Structure formats: structure tokens, C-alpha cells
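Here is work_32.txt, consisting of compact mmCIF, C-alpha atoms:
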# COMPACT_ATOMS: atom_id res chain seq x y z
CA MET A 1319 3.85 -23.52 10.29
CA ASN A 1320 6.98 -21.41 10.75
CA ILE A 1321 7.06 -18.23 8.65
CA LEU A 1322 10.04 -15.88 8.25
CA PHE A 1323 8.80 -12.43 7.27
CA TYR A 1324 10.84 -9.55 5.82
CA SER A 1325 9.71 -5.91 5.78
CA THR A 1326 11.71 -2.68 5.80
CA GLU A 1327 9.79 -1.59 8.89
CA ASP A 1328 6.91 -2.72 11.02
CA GLY A 1329 3.74 -0.73 11.48
CA GLY A 1330 4.66 2.03 13.89
CA SER A 1331 3.19 5.50 14.32
CA THR A 1332 4.89 6.95 11.23
CA ALA A 1333 4.61 3.87 9.03
CA GLY A 1334 3.15 3.91 5.55
CA GLY A 1335 0.55 1.54 4.16
CA ALA A 1336 2.98 -1.23 3.17
CA SER A 1337 4.49 -1.42 6.66
CA LYS A 1338 1.06 -1.44 8.29
CA ALA A 1339 -0.04 -4.23 5.95
CA ALA A 1340 3.05 -6.27 6.85
CA GLN A 1341 2.46 -5.86 10.58
CA ARG A 1342 -1.23 -6.75 10.24
CA LEU A 1343 -0.45 -9.94 8.29
CA HIS A 1344 2.26 -10.91 10.77
CA ASN A 1345 -0.19 -10.43 13.64
CA CYS A 1346 -3.07 -12.33 12.06
CA LEU A 1347 -0.78 -15.30 11.28
CA LEU A 1348 0.35 -15.33 14.92
CA ASP A 1349 -3.26 -15.10 16.12
CA SER A 1350 -4.11 -18.09 13.91
CA GLY A 1351 -1.58 -20.25 15.72
CA HIS A 1352 1.35 -20.04 13.32
CA GLN A 1353 4.88 -19.04 14.23
CA SER A 1354 5.98 -15.87 12.48
CA THR A 1355 9.23 -13.95 12.88
CA MET A 1356 9.49 -10.56 11.19
CA VAL A 1357 12.89 -9.14 10.24
CA VAL A 1358 12.97 -5.36 9.77
CA ARG A 1359 15.56 -2.65 9.33
CA TYR A 1360 13.60 -0.04 11.28
CA LYS A 1361 11.65 -1.38 14.25
CA GLN A 1362 8.95 0.93 15.59
CA SER A 1363 6.87 -1.42 17.70
CA ASP A 1364 7.69 -3.29 20.91
CA THR A 1365 6.52 -6.62 19.44
CA PRO A 1366 8.94 -9.38 20.56
CA THR A 1367 8.43 -11.40 17.37
CA VAL A 1368 9.85 -8.49 15.33
CA VAL A 1369 13.66 -8.43 15.18
CA THR A 1370 15.99 -5.80 13.76
CA ALA A 1371 18.58 -6.64 11.09
CA ASP A 1372 21.29 -4.47 12.59
CA ALA A 1373 23.72 -2.72 10.29
CA ILE A 1374 27.41 -2.64 11.20
CA TRP A 1375 29.93 0.13 10.75
CA PRO A 1376 32.19 -0.74 7.80
CA SER A 1377 35.95 -0.43 7.94
CA LYS A 1378 37.45 2.95 7.09
CA GLY A 1379 38.49 1.62 3.70
CA ARG A 1380 34.95 0.52 2.92
CA GLN A 1381 33.59 3.83 4.16
CA VAL A 1382 35.86 5.66 1.70
CA LEU A 1383 34.79 3.35 -1.15
CA GLY A 1384 31.15 3.91 -0.23
CA LEU A 1385 31.55 7.68 -0.26
CA LEU A 1386 33.32 7.51 -3.62
CA GLY A 1387 30.51 5.35 -4.99
CA LYS A 1388 27.91 7.85 -3.82
CA PHE A 1389 29.93 10.70 -5.32
CA PHE A 1390 30.17 9.09 -8.76
CA ALA A 1391 26.52 8.01 -8.63
CA LYS A 1392 25.37 11.48 -7.66
CA GLY A 1393 23.81 12.10 -11.04
CA VAL A 1394 21.63 8.98 -10.79
CA ARG A 1395 18.64 10.23 -8.85
CA ALA A 1396 15.09 9.19 -9.46
CA SER A 1397 12.27 11.71 -9.60
CA TYR A 1398 10.04 9.47 -7.46
CA GLN A 1399 10.44 6.69 -4.91
CA PHE A 1400 12.97 4.21 -6.29
CA ASN A 1401 14.72 1.05 -5.08
CA TYR A 1402 18.43 1.30 -5.96
CA ASP A 1403 18.95 -2.31 -4.78
CA ARG A 1404 21.10 -1.32 -1.82
CA ALA A 1405 20.99 -2.41 1.80
CA GLU A 1406 24.08 -0.76 3.15
CA ASN A 1407 26.07 -2.41 5.93
CA ILE A 1408 23.63 -5.23 6.78
CA PRO A 1409 25.62 -8.50 6.88
CA LEU A 1410 23.86 -11.62 5.63
CA SER A 1411 24.15 -13.27 9.06
CA ASN A 1412 21.91 -10.55 10.54
CA LEU A 1413 19.19 -11.48 8.05
CA LEU A 1414 19.12 -15.13 9.15
CA PRO A 1415 17.57 -15.15 12.64
CA LEU A 1416 16.46 -18.79 12.54
CA PRO A 1417 18.53 -21.94 11.96
CA GLN A 1418 18.43 -23.96 8.76
CA GLY A 1419 15.49 -26.33 8.69
CA ALA A 1420 13.39 -24.15 10.98
CA VAL A 1421 11.60 -22.15 8.27
CA ASP A 1422 8.69 -23.42 6.17
CA ILE A 1423 7.94 -20.26 4.18
CA ILE A 1424 9.86 -17.07 3.46
CA CYS A 1425 7.51 -14.08 3.14
CA ILE A 1426 8.76 -10.84 1.55
CA ASN A 1427 6.87 -7.57 1.77
CA TRP A 1428 8.22 -4.06 1.01
CA ILE A 1429 12.02 -4.44 1.39
CA THR A 1430 13.73 -1.30 0.00
CA ASN A 1431 16.94 -0.66 2.03
CA LEU A 1432 16.56 -4.05 3.77
CA LEU A 1433 17.14 -6.73 1.13
CA THR A 1434 18.84 -6.72 -2.25
CA THR A 1435 18.10 -9.15 -5.06
CA ARG A 1436 21.35 -10.92 -4.18
CA THR A 1437 20.48 -11.31 -0.50
CA ILE A 1438 16.99 -12.61 -1.38
CA GLU A 1439 18.68 -15.36 -3.38
CA GLN A 1440 21.11 -16.08 -0.54
CA ILE A 1441 18.31 -16.29 2.04
CA ALA A 1442 16.29 -18.62 -0.21
CA CYS A 1443 19.32 -20.87 -0.77
CA TYR A 1444 20.08 -20.93 2.96
CA TYR A 1445 16.59 -21.97 4.07
CA LYS A 1446 15.69 -24.04 0.98
CA CYS A 1447 11.96 -23.37 1.17
CA PRO A 1448 9.33 -21.56 -0.95
CA VAL A 1449 9.51 -17.78 -1.19
CA VAL A 1450 6.34 -15.66 -1.34
CA TRP A 1451 6.49 -11.99 -2.33
CA ILE A 1452 3.49 -9.93 -1.24
CA MET A 1453 3.20 -7.19 -3.85
CA MET A 1454 2.57 -3.81 -2.23
CA ASP A 1455 3.48 -1.89 -5.40
CA LEU A 1456 5.21 -2.51 -8.74
CA GLU A 1457 8.83 -2.58 -7.55
CA PRO A 1458 9.28 -6.38 -7.44
CA VAL A 1459 8.65 -6.59 -11.20
CA THR A 1460 10.43 -3.40 -12.34
CA GLY A 1461 13.97 -2.07 -12.68
CA GLY A 1462 13.56 -0.09 -9.46
CA CYS A 1463 10.47 2.14 -9.69
CA HIS A 1464 7.68 1.54 -7.20
CA TYR A 1465 5.13 3.00 -9.61
CA SER A 1466 5.67 3.45 -13.33
CA PHE A 1467 3.34 6.44 -14.05
CA GLY A 1468 2.36 4.91 -17.38
CA CYS A 1469 5.83 3.68 -18.41
CA GLN A 1470 5.67 0.10 -19.66
CA GLY A 1471 9.40 -0.65 -19.53
CA TYR A 1472 8.78 -3.44 -17.00
CA ARG A 1473 6.97 -5.34 -19.77
CA VAL A 1474 10.28 -5.66 -21.62
CA GLN A 1475 13.64 -5.15 -19.88
CA CYS A 1476 13.39 -1.59 -18.52
CA GLY A 1477 15.96 0.99 -19.64
CA LYS A 1478 15.39 4.56 -20.83
CA CYS A 1479 13.80 5.11 -17.44
CA PRO A 1480 11.77 8.34 -17.30
CA GLN A 1481 12.14 8.52 -13.52
CA LEU A 1482 15.93 8.50 -13.95
CA ASN A 1483 15.63 11.02 -16.79
CA SER A 1484 17.53 8.49 -18.90
CA SER A 1485 17.73 8.12 -22.67
CA SER A 1486 19.99 5.06 -22.46
CA HIS A 1487 18.62 1.55 -22.77
CA ASN A 1488 21.59 0.35 -20.70
CA ASP A 1489 20.84 2.56 -17.69
CA LEU A 1490 20.52 1.70 -13.99
CA SER A 1491 16.93 0.47 -14.37
CA HIS A 1492 18.04 -2.05 -17.00
CA HIS A 1493 20.93 -3.22 -14.82
CA LEU A 1494 18.55 -3.70 -11.90
CA TRP A 1495 16.13 -5.61 -14.14
CA CYS A 1496 19.03 -7.87 -15.20
CA SER A 1497 19.99 -8.41 -11.56
CA LYS A 1498 16.47 -9.60 -10.75
CA GLN A 1499 16.52 -11.90 -13.74
CA LYS A 1500 19.88 -13.34 -12.64
CA HIS A 1501 19.16 -13.80 -8.94
CA LEU A 1502 15.38 -14.25 -8.67
CA ALA A 1503 13.87 -15.62 -11.87
CA GLN A 1504 14.86 -19.22 -11.12
CA LEU A 1505 13.95 -19.24 -7.44
CA PRO A 1506 10.86 -21.08 -6.10
CA LEU A 1507 9.19 -17.67 -6.01
CA SER A 1508 5.45 -17.05 -5.93
CA PHE A 1509 3.46 -13.86 -5.51
CA VAL A 1510 0.48 -12.68 -3.50
CA ALA A 1511 -1.60 -10.03 -5.27
CA PRO A 1512 -3.78 -8.04 -2.83
CA THR A 1513 -5.80 -6.56 -5.73
CA SER A 1514 -6.63 -7.43 -9.32
CA TRP A 1515 -4.59 -4.40 -10.44
CA VAL A 1516 -1.48 -5.94 -8.88
CA HIS A 1517 -2.29 -9.34 -10.40
CA ASN A 1518 -2.50 -7.82 -13.87
CA ARG A 1519 0.83 -5.98 -13.47
CA ILE A 1520 2.60 -9.24 -12.54
CA ARG A 1521 1.11 -10.99 -15.56
CA GLU A 1522 2.34 -8.15 -17.80
CA SER A 1523 5.88 -8.22 -16.44
CA SER A 1524 8.76 -9.62 -18.43
CA LEU A 1525 10.36 -11.07 -15.28
CA PHE A 1526 7.65 -13.04 -13.51
CA SER A 1527 4.63 -13.34 -15.80
CA SER A 1528 4.70 -17.16 -15.62
CA HIS A 1529 5.12 -17.39 -11.84
CA ARG A 1530 2.37 -18.53 -9.49
CA ILE A 1531 0.05 -15.80 -8.18
CA ALA A 1532 -2.43 -16.08 -5.31
CA ASP A 1533 -5.12 -13.40 -5.04
CA ILE A 1534 -5.42 -12.65 -1.32
CA PRO A 1535 -6.64 -9.27 0.01
CA LEU A 1536 -4.80 -7.44 2.78
CA SER A 1537 -5.72 -8.07 6.40
CA ILE A 1538 -7.60 -5.23 8.15
CA ASP A 1539 -8.21 -5.28 11.89
CA ASP A 1540 -11.96 -5.80 12.20
CA SER A 1541 -11.88 -5.01 15.92
CA VAL A 1542 -10.87 -1.42 15.03
CA PHE A 1543 -12.25 -0.79 11.55
CA LYS A 1544 -15.94 -1.49 12.01
CA PRO A 1545 -19.20 0.49 12.03
CA ARG A 1546 -19.80 2.55 15.16
CA SER A 1547 -21.98 5.45 16.17
CA ARG A 1548 -21.51 8.27 13.68
CA GLN A 1549 -22.87 10.71 16.23
CA MET A 1550 -20.28 9.68 18.82
CA ALA A 1551 -17.43 9.89 16.30
CA ARG A 1552 -18.47 13.40 15.29
CA GLU A 1553 -18.70 14.55 18.88
CA LEU A 1554 -15.16 13.30 19.51
CA LEU A 1555 -13.85 15.05 16.38
CA ASN A 1556 -15.92 18.21 16.94
CA ILE A 1557 -17.87 17.88 13.68
CA PRO A 1558 -21.48 19.11 13.34
CA SER A 1559 -23.91 16.24 13.80
CA ARG A 1560 -26.17 17.23 10.88
CA ALA A 1561 -23.38 17.78 8.35
CA LYS A 1562 -22.75 15.71 5.23
CA VAL A 1563 -19.16 14.67 5.89
CA VAL A 1564 -16.80 13.63 3.11
CA PHE A 1565 -13.47 12.19 4.27
CA PHE A 1566 -10.25 11.98 2.24
CA GLY A 1567 -6.62 11.44 3.14
CA ALA A 1568 -3.11 10.58 2.02
CA TRP A 1569 0.26 10.07 3.68
CA SER A 1570 1.31 13.27 1.90
CA PHE A 1571 -0.88 15.66 -0.08
CA ASP A 1572 2.17 16.56 -2.19
CA ASP A 1573 2.44 13.03 -3.62
CA PRO A 1574 1.35 13.40 -7.28
CA ARG A 1575 0.23 9.79 -7.36
CA LYS A 1576 -2.43 10.45 -4.73
CA GLY A 1577 -4.29 12.89 -7.00
CA ILE A 1578 -5.13 15.58 -4.44
CA LEU A 1579 -5.11 18.30 -7.11
CA LYS A 1580 -7.61 16.26 -9.14
CA LEU A 1581 -9.80 16.12 -6.05
CA TYR A 1582 -9.63 19.90 -5.67
CA ASP A 1583 -10.92 20.19 -9.24
CA ALA A 1584 -13.70 17.76 -8.34
CA TRP A 1585 -14.73 19.99 -5.42
CA ASP A 1586 -15.16 22.88 -7.88
CA TYR A 1587 -17.47 20.66 -9.94
CA VAL A 1588 -19.45 19.73 -6.81
CA LYS A 1589 -19.85 23.35 -5.75
CA SER A 1590 -21.24 24.37 -9.15
CA HIS A 1591 -23.58 21.37 -9.60
CA LEU A 1592 -24.89 20.49 -6.17
CA SER A 1593 -28.15 21.88 -4.83
CA VAL A 1594 -27.75 24.77 -2.40
CA LYS A 1595 -29.61 22.89 0.33
CA VAL A 1596 -27.10 20.00 0.28
CA ALA A 1597 -24.03 22.14 -0.38
CA GLU A 1598 -24.55 24.34 2.67
CA ASN A 1599 -24.26 21.32 4.99
CA ILE A 1600 -21.05 19.79 3.58
CA VAL A 1601 -17.98 19.41 5.80
CA LEU A 1602 -14.72 18.09 4.38
CA LEU A 1603 -12.74 15.93 6.77
CA SER A 1604 -9.11 15.27 5.81
CA ALA A 1605 -6.01 13.55 7.21
CA GLY A 1606 -2.37 13.49 6.15
CA ARG A 1607 0.63 15.74 5.69
CA ARG A 1608 -0.61 18.80 3.87
CA GLY A 1609 1.67 20.52 1.41
CA GLY A 1610 1.63 23.59 -0.77
CA GLU A 1611 -1.94 23.51 -2.03
CA ARG A 1612 -2.45 26.56 -4.20
CA ARG A 1613 -6.09 27.14 -3.39
CA GLY A 1614 -8.51 26.62 -0.57
CA LEU A 1615 -11.46 24.29 -0.33
CA PRO A 1616 -14.92 25.51 -1.36
CA PHE A 1617 -16.54 23.97 1.75
CA PRO A 1618 -15.78 24.14 5.48
CA GLY A 1619 -13.13 21.64 6.52
CA VAL A 1620 -11.63 19.83 9.49
CA HIS A 1621 -8.03 18.67 9.07
CA LEU A 1622 -6.71 16.02 11.47
CA GLY A 1623 -3.07 16.28 10.39
CA PHE A 1624 -0.97 13.15 10.10
CA VAL A 1625 -2.91 10.40 11.90
CA ARG A 1626 -0.51 8.16 13.83
CA ASP A 1627 -2.84 5.46 15.13
CA ASP A 1628 -5.54 3.22 13.71
CA LEU A 1629 -8.12 4.13 16.37
CA THR A 1630 -8.12 7.79 15.31
CA LEU A 1631 -8.17 6.84 11.64
CA ALA A 1632 -11.14 4.53 12.22
CA LEU A 1633 -12.88 7.35 14.08
CA ALA A 1634 -12.51 9.57 11.01
CA TYR A 1635 -14.10 6.93 8.78
CA GLN A 1636 -16.90 6.37 11.29
CA ALA A 1637 -17.66 10.12 11.34
CA ALA A 1638 -17.98 10.25 7.53
CA ASP A 1639 -20.91 9.77 5.20
CA ILE A 1640 -18.61 9.21 2.20
CA PHE A 1641 -14.94 8.43 1.65
CA VAL A 1642 -13.40 9.77 -1.57
CA ASN A 1643 -10.23 8.32 -3.12
CA PRO A 1644 -8.57 10.40 -5.90
CA SER A 1645 -5.46 8.17 -6.33
CA LEU A 1646 -4.22 8.06 -9.91
CA GLU A 1647 -2.04 4.95 -9.60
CA ASP A 1648 -2.16 2.65 -6.59
CA ALA A 1649 -1.80 -0.99 -5.67
CA GLY A 1650 -4.61 -0.38 -3.16
CA PRO A 1651 -5.15 1.96 -1.58
CA MET A 1652 -5.85 0.30 1.73
CA MET A 1653 -7.93 3.29 2.84
CA ILE A 1654 -10.74 2.24 0.49
CA SER A 1655 -11.24 -1.07 2.26
CA GLU A 1656 -10.70 0.44 5.71
CA ALA A 1657 -13.47 2.94 5.03
CA MET A 1658 -15.81 0.25 3.77
CA MET A 1659 -15.07 -1.96 6.78
CA CYS A 1660 -16.36 1.00 8.83
CA GLY A 1661 -19.58 1.03 6.80
CA VAL A 1662 -18.76 4.01 4.57
CA PRO A 1663 -19.51 4.03 0.80
CA VAL A 1664 -16.66 5.13 -1.46
CA VAL A 1665 -16.28 7.42 -4.47
CA SER A 1666 -13.06 6.59 -6.33
CA PHE A 1667 -11.27 6.79 -9.61
CA ASP A 1668 -11.38 3.44 -11.38
CA THR A 1669 -7.76 2.56 -10.70
CA GLY A 1670 -5.81 0.25 -8.42
CA GLY A 1671 -7.96 -2.09 -6.39
CA ALA A 1672 -11.04 0.17 -6.36
CA ALA A 1673 -12.90 -1.94 -8.91
CA ASP A 1674 -12.56 -5.02 -6.66
CA VAL A 1675 -14.84 -3.54 -3.99
CA VAL A 1676 -16.45 -0.31 -5.22
CA ARG A 1677 -19.58 -1.49 -7.00
CA PRO A 1678 -21.45 1.39 -8.65
CA GLY A 1679 -24.81 2.02 -7.04
CA GLU A 1680 -24.21 -0.69 -4.44
CA THR A 1681 -21.13 0.28 -2.42
CA GLY A 1682 -20.15 3.58 -4.07
CA TYR A 1683 -19.25 5.19 -7.38
CA LEU A 1684 -16.37 4.49 -9.81
CA ALA A 1685 -15.25 7.52 -11.81
CA ASN A 1686 -13.24 7.36 -15.01
CA ALA A 1687 -9.56 7.35 -14.05
CA GLY A 1688 -8.20 10.89 -13.81
CA ASP A 1689 -11.52 12.53 -14.77
CA SER A 1690 -12.12 15.16 -12.08
CA ALA A 1691 -15.57 16.05 -13.42
CA ASP A 1692 -16.66 12.42 -13.18
CA LEU A 1693 -15.27 12.19 -9.66
CA GLY A 1694 -17.29 15.31 -8.83
CA ARG A 1695 -20.33 13.77 -10.50
CA GLY A 1696 -20.00 10.71 -8.26
CA LEU A 1697 -19.71 12.88 -5.16
CA CYS A 1698 -22.86 14.79 -6.14
CA ARG A 1699 -24.74 11.58 -6.76
CA LEU A 1700 -23.91 10.13 -3.35
CA LEU A 1701 -24.35 13.41 -1.48
CA GLU A 1702 -27.89 13.67 -2.84
CA SER A 1703 -28.67 9.98 -2.40
CA ASP A 1704 -31.14 8.59 0.14
CA GLU A 1705 -29.36 5.21 -0.02
CA LEU A 1706 -26.10 6.07 1.78
CA GLU A 1707 -26.92 3.99 4.85
CA LYS A 1708 -27.82 0.98 2.73
CA MET A 1709 -24.68 1.39 0.61
CA GLY A 1710 -22.55 1.61 3.73
CA GLN A 1711 -24.00 -1.62 5.07
CA ALA A 1712 -23.29 -3.37 1.76
CA ALA A 1713 -19.76 -1.98 1.77
CA HIS A 1714 -19.14 -3.37 5.26
CA ARG A 1715 -20.47 -6.83 4.39
CA LEU A 1716 -18.37 -7.08 1.26
CA CYS A 1717 -15.08 -5.95 2.81
CA TYR A 1718 -15.56 -7.87 6.04
CA SER A 1719 -15.88 -11.06 3.99
CA ARG A 1720 -12.63 -10.22 2.16
CA HIS A 1721 -10.36 -8.51 4.69
CA SER A 1722 -11.10 -9.88 8.15
CA PRO A 1723 -7.87 -11.27 9.68
CA ARG A 1724 -9.27 -14.76 10.15
CA VAL A 1725 -10.22 -15.06 6.47
CA VAL A 1726 -6.89 -13.63 5.25
CA ALA A 1727 -4.83 -15.85 7.57
CA GLU A 1728 -6.69 -18.96 6.36
CA GLN A 1729 -6.05 -18.05 2.72
CA HIS A 1730 -2.34 -17.43 3.32
CA ALA A 1731 -1.96 -20.67 5.28
CA ALA A 1732 -3.71 -22.68 2.56
CA PHE A 1733 -1.46 -21.12 -0.11
CA TYR A 1734 1.69 -21.81 1.91
CA ARG A 1735 0.70 -25.44 2.53
CA GLU A 1736 0.13 -25.90 -1.19
CA LEU A 1737 3.59 -24.50 -1.99
CA MET A 1738 5.21 -26.65 0.70
CA ALA A 1739 3.53 -29.78 -0.67
CA LYS A 1740 5.08 -29.13 -4.08
How would this structure read if it were set down as C-alpha cells?
Amino acid sequence: MNILFYSTEDGGSTAGGASKAAQRLHNCLLDSGHQSTMVVRYKQSDTPTVVTADAIWPSKGRQVLGLLGKFFAKGVRASYQFNYDRAENIPLSNLLPLPQGAVDIICINWITNLLTTRTIEQIACYYKCPVVWIMMDLEPVTGGCHYSFGCQGYRVQCGKCPQLNSSSHNDLSHHLWCSKQKHLAQLPLSFVAPTSWVHNRIRESSLFSSHRIADIPLSIDDSVFKPRSRQMARELLNIPSRAKVVFFGAWSFDDPRKGILKLYDAWDYVKSHLSVKVAENIVLLSAGRRGGERRGLPFPGVHLGFVRDDLTLALAYQAADIFVNPSLEDAGPMMISEAMMCGVPVVSFDTGGAADVVRPGETGYLANAGDSADLGRGLCRLLESDELEKMGQAAHRLCYSRHSPRVVAEQHAAFYRELMAK
């Protein structure tokens, strides 16, 4: 099977979760014997099967028009990550690395600044084969926002976008919704939902609610993310061997969606409710870009900074007794399943894909979404539990059966063959 894959970037040292997920799927399809070519705008790896869609310098006249367009659009700025449906200066020919007839499936991942709705249509028409969009967030079904923060405009036709601070129904988000309806709604387009949360958002959308959805978890490298000696991991990270270690992380602690401030409130709950004997042995292990936190942590901590490689990230999971996820809105997060693949139980808000794998009392604790006290309650319960080892083993078994590359590749291949047969 010959797969043509599109992702804004591949999974390099500074890549986010979506890019890592794209690279992992690309690799596991290759390892399963399929041909896969990934087209990216920003290439960070040295993988020969990843090619760059080079941009070209426009003529001076087009440069002037582009600057004027940016000047007049200056007031249209989203308050959070937003896809303005632009891929400046990438000609269509640079997005078509394979000849007609050579592609069986077009796979789209996270494509902000790489593809527009118009170029997706053009690529599909050129290759005349099924198109699969792997949903890494909400953007494919919205008028541009990657996460809606409670707005339900994508269930109708967008407009009055809170992230654009707009009171007009006919704003940019509505125009982008209309562009997707015009260029994408009639394509042979199907979706892959990595979590049930994503599946439900597609079914709620006004654009693609009737389209085919396959529920396939993300691929996680089981040669890296697996149980190993906790003692060895702690020695390498200089963490006390007898500590109760709770790990948490985010690409950026300043991202309001990741709920770090909610977690800080949960630590206050833990400090006031946990027994002194347990509390005095807690060490908080963290990773990510720290921002302007207004208060310190109530327990000793080790901060790894921004972790650039999977081996170090896996080491952090393997050193932990518990992983805590305070995300408030998330298509994943992938860190939940990575932690569980390493044999670590998880405490998480009941949002995103947490409910798919965090089974209360078996693999972790699900707290009411946004309820810091309940998140703290879950942390206390696991910190005082004698069943952590057993829960970690159950967590590993469950996520290995869902996320191992071989299983994920087989599910994707079966889905693609079914679409090709139709």
C-alpha cells in the first residue's frame, strides 16, 4: 500500500504532540511493510521518506499584495492557536511528490501553514483516492480554532468567534467554515479519531457529522515507552530512591488549556489532607517550558526543563509512582498513554481521552473535569494506596494492547483497504 502523508512538521526535538504522533504513525506503517511518504513544511529529522514542501519567493508585486493583506488583516488576531487557512508561497506542485496513480491513500494530520482547504481539494482531485484526516484536535471541524474552550459554534456554522473577539456572525471563522463546506464536504473524506472525545466532537460537527469515522488510538513506541527499573531511572535523574514521585508535564506551563494552575490548587489540597508520613516523602517531577507561575510548590521538586527526546521522557515516567494530567480540554493527551505504557497509574481530569484508559481503582483515578479538589483527592488516594504496583501493571497491559505500533499499523491498514475497496 502506498500512503501519502501530510503534516506541518515531523517529530523533531522541538516538536509538539501532533508532530510526534504523525512521525510515529509514518514509521510504524513503514515498519509494517507499507510505502509511506510524508510531506512537511518544516523538516526536523533526517528521515529520507520525509520530504519538504519548499516555499518559493513570490514576485515583488505579490510581496506587496501580501504585506497589504497582512496590514488590513492586522485586527484579526485570535487569542489562542488558530488556523487562518494560509500556506504562504507553497506552490501546488511542491505538494505532489508522487505521480498520479501512485497513491492509494492520502493521510492528513496537523496541517496548519502547510495545506489550505483549497489545496486539500486539489490534492484529492489530483490523486483520485480516499482521504483520511487523523484528528489531533478540533480544527478540521471548526472555523479555525484548534480548541473551542466551550464554544459550540462548530455545531452550527461558526461566527461570533470568541477567540477572534468577534460579535459578527459573518466573521473570519464563518468564512473559514464556509470554505471547508465548499472544498471538503463532498470529498471522499473519512476521519480517524484517536480518542472517544475526538469521535464525539466529529459527530457533533455541522460539517462532517455524517462522514465515516474509525476509532484508532495513536501509535506509541513500545521499545522506548515500557516498564523499566524505577531505581535505575531515579539514579539517572538524581531523585531519592524512597520518595513518592508524582510526574506532570506540558509543552508550556503557560498554556491555559493544560490546567497547570488547577494542578497547583490540587497540590494545596494534597498538602492539607495527606498524612504527614506520606507527605514528607513526596517529590514532584516536572517537564516542560515553565512560565510565570505565581507561587511555588508545597513539596520538593525536580524540573527537567523542556524534554527534547523520547528516551529522557520515558525515563521520567519510569522514575514516577504516579502521573497526573490536569488538562482542561485535550484530544489526548498522549502523555497519559505514554505514562501507562511505562507502567505508571494516572490521575486525570475526566476530559479528552482520559476516560478511554484511566479506569478508576484499576489504572488510576478520574477527577471531575476542572475540579481541583477532586484532582487532589485522587492524588491522595493513590499516594496512600498499597496497590500502585498492581495498578501500574494493569495500565501497561491496557495501553500496550491499544497503542503498540504493530496493532495501530494493522488497524490503519485494514481501514485503508476498506476505503480503497469502496
For Ser1491 (chain A), the nearest of the candidates A:Glu1647, A:Asp1372, A:Asp1692, A:Glu1457, counting all atoms listed in the file: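 Among the listed residues, the smallest separation from Ser1491 (chain A) belongs to A:Glu1457.
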Selection: 12 Å around Lys1478 (chain A), all atoms listed in the file, excl. self and same-chain fewer than 2 positions, as a ChimeraX atom specification: /A:1461,1469-1472,1474-1476,1480-1493
Atomic separation - CA of Ile1538 (chain A) relative to CA of Ser1325 (chain A), Å: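 Taking CA of Ser1325 (chain A) and CA of Ile1538 (chain A), their separation equals 17.5 Å.
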Residue among A:Val1596, A:Met1319, A:Val1665, A:Leu1633 lying closest to Arg1548 (chain A), counting all atoms listed in the file: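 Distance minimum relative to Arg1548 (chain A) lands on A:Leu1633.
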Expected residue set, 10 Å radius at (-14.7, -7.0, 6.1), only C-alpha atoms, as a list of chain:residue names: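 Protein, DNA and RNA residues close to (-14.7, -7.0, 6.1): A:Ser1537, A:Ile1538, A:Asp1539, A:Asp1540, A:Phe1543, A:Lys1544, A:Ser1655, A:Glu1656, A:Met1658, A:Met1659, A:Cys1660, A:Gly1661, A:Ala1713, A:His1714, A:Arg1715, A:Leu1716, A:Cys1717, A:Tyr1718, A:Ser1719, A:Arg1720, A:His1721, A:Ser1722, A:Pro1723, A:Val1725.
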Minimum-distance residue to Pro1366 (chain A), chosen among A:Tyr1402, A:Ala1336, A:Asp1328, A:Arg1436 (using only C-alpha atoms):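 Of the candidates, the smallest distance to Pro1366 (chain A) is held by A:Asp1328.
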Pull out region 1644-1658 of chain A, keep C-alpha atoms, and write it as a PDB file, in the first residue's frame.
ATOM      1  CA  PRO A1644      -4.595  18.415  34.727  1.00  0.00           C
ATOM      2  CA  SER A1645      -5.569  19.210  31.094  1.00  0.00           C
ATOM      3  CA  LEU A1646      -8.909  21.001  30.825  1.00  0.00           C
ATOM      4  CA  GLU A1647      -9.527  20.352  27.120  1.00  0.00           C
ATOM      5  CA  ASP A1648      -7.473  17.913  25.083  1.00  0.00           C
ATOM      6  CA  ALA A1649      -7.803  15.482  22.213  1.00  0.00           C
ATOM      7  CA  GLY A1650      -5.395  13.238  24.151  1.00  0.00           C
ATOM      8  CA  PRO A1651      -3.161  13.987  25.793  1.00  0.00           C
ATOM      9  CA  MET A1652      -0.636  11.476  24.545  1.00  0.00           C
ATOM     10  CA  MET A1653       1.288  11.711  27.826  1.00  0.00           C
ATOM     11  CA  ILE A1654      -1.435   9.716  29.592  1.00  0.00           C
ATOM     12  CA  SER A1655      -0.903   6.678  27.390  1.00  0.00           C
ATOM     13  CA  GLU A1656       2.880   7.098  27.342  1.00  0.00           C
ATOM     14  CA  ALA A1657       2.918   7.028  31.137  1.00  0.00           C
ATOM     15  CA  MET A1658       0.700   3.967  31.272  1.00  0.00           C
TER      16      MET A1658
END
